[in-house]
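Trainee: Got a structure for you, written out below as structure tokens; questions coming shortly.
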Amino acid sequence: MEERVFFEILDRFVDDASLEFVLGKRRVRSGRNRDAAPAAVVRVNDPRFFRRVLVYGNLGMAEAFMDRDFEIEEGSLTDLLTVLIRNRLDRRLAAGLSLSLGARLLWLRLANRLRGRRGNIATHYDGEDDSLFEAFLDPRLVYSCGYVKDPQAGLEQFQLDKLRRVCDKLRLQPGERLLDIGCGYGALLVFAARTYGVSGKGVTLGRRHYERAKAVVAAAGLAGRIEIELLPYEKLTGRFDKLVSLGMMEHLRRSEYRRFTDVVSRLLTDQGMGLFQYIGCTGPKNDNDPFIQKYILPDSNQPKLSEFVAQLEDHDLAVLDVENLVRHYALTLTEWIRNFERNSPRLDGDRFDERFKRMWRYYLECAAAAAFASAAALYQILFAKNYPPPMPLQRV
């Protein structure tokens, strides 16, 4: 029954592509555009795949991949997930199921609950181990969206161009003080100090980030100009000419947005400027993905643009420029996936077993598919304290 319902759903709602599934010696082509070459060919190794996907959606798909219930024979996992996301299966299922098909899907989910859902038994790994991030990030270990001038330039250039563009947007000047909230391994601060002559401070809550960022700063000969602290943003003191936060605000609870903006406003000088970069949502509501919440980033959010713009306005922080760089994020993730596929075999198998590696690969490929096809956003918001300074006619 599960298999039949699964293919009926794909046949009804996948409008612009076909997918092919290999079940033993059978091949099943699904989707309304069956004459087209399949975007992906999926080999189903265990029939529980159908129930897991129908009952748990993306969490079920992820766990099925982690447990090798299916493999991608042609195309990529990103291709498969992009088709599913682009055709908005979650929304269309809720709005457009026929009575009979909807009743059967409801029965499958009800029956699963009656059997009892398996508890969260995900293996706990040290998520701050440097070797994991070294397996897919650029040499500077920048764990945020790059900026793509040339798609063929490669990840290191994407990140270098992002760092330079952030600094240019902030109009950094020699002698200014720059604060980086959620500084990671310190790449932006080192680049800004070397290239633009600033001094500054970075704060993080990750001990491994803190220790390595301090080492990076010391190795660059910048220990007298850049300070790294293991500190929550609420405890920050001092005044800064410029402020930046890249990829940190997704970790704030909605109840913290006002307090965070209070701190930002307090720390900026009267003519200071700031830039936020974060993964956001362009839809009316952000439904947190259960796979991400369970395995990758528990308690994370993807704020709507309006949520943070409202806070900036309420704090007299003038919004100067807003960009949605989500397609740059898709290409950044594509490079991360390539790196991870190449380097993951060298990860310590005792720390990162095959199930973990498949989990991490699913995370990267799911994020890439979402950046290509979903309502996800990657916002950069440039703002100024009190009144807007003179701005160039063109965006950097």
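Ligands are numbered from 1 in the order shown, residues from 1 within each chain, and chains are lettered A, B, ... in the order they appear in the structure tokens.
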Using backbone DSSP assignments, extract all alpha helix (DSSP H) residues from range 327-381 of chain A; output them as a VMD selection string.
Mentor: chain A and resid 327 to 343 354 to 373
Trainee: With only C-alpha atoms as the counted atoms, please give the residues lying no more than 12 Å from range 22-36 of chain A, apart from itself and same-chain residues fewer than 6 positions off, as a VMD selection string.
Mentor: chain A and resid 3 to 16 42 to 47 49 to 50 69 to 74 83 to 84 87 89
Trainee: Given the choices A:Phe276, A:Phe352, A:Phe133, A:Tyr196, which gets closest to Gly184 in chain A if the distance is worked out from only C-alpha atoms?
Mentor: A:Phe133
Trainee: Which polymer residues have any atom within 9 Å of an atom of range 60-68 of chain A, counting only C-alpha atoms, with same-chain residues fewer than 3 positions away left out, as a ChimeraX atom specification?
Mentor: /A:44-46,48-57,71,291,354-359,362-363,366
Trainee: When you look at Arg346 in chain A with a cut-off of 12 Å (counting only C-alpha atoms), what residues show up, excluding the ones that are within fewer than 6 positions of it in the same chain? I need them as number ranges by chain.
Mentor: A: 131-132, 134-136, 339-340, 352-354, 357
Trainee: Do you know which residues are at most 9 Å from Leu160 in chain A counting only C-alpha atoms, after dropping those on the same chain fewer than 5 positions away, and could you put them as a PyMOL selection string?
Mentor: chain A and resi 146-147+155+165+191
Trainee: Which one of A:Ala215, A:Gly202, A:Trp336, A:Arg194 sits closest to Glu229 in chain A if you count only C-alpha atoms?
Mentor: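 Closest residue, counting only C-alpha atoms: A:Gly202.
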Trainee: List the spatial neighbours of Leu179 in chain A as a PyMOL selection string - criterion: any atom at most 8 Å away, only C-alpha atoms, same-chain residues fewer than 4 positions off excluded.
Mentor: chain A and resi 200-202+240+242-244
Trainee: Please provide as a list in words all residues within 7 Å of Phe372 in chain A, with the sequence filter that same-chain residues fewer than 3 positions apart are discarded (counting only C-alpha atoms).
Mentor: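 After dropping sequence-adjacent residues, the list is Thr82, Arg327, Ala330, Ala368 and Ala369 of chain A.
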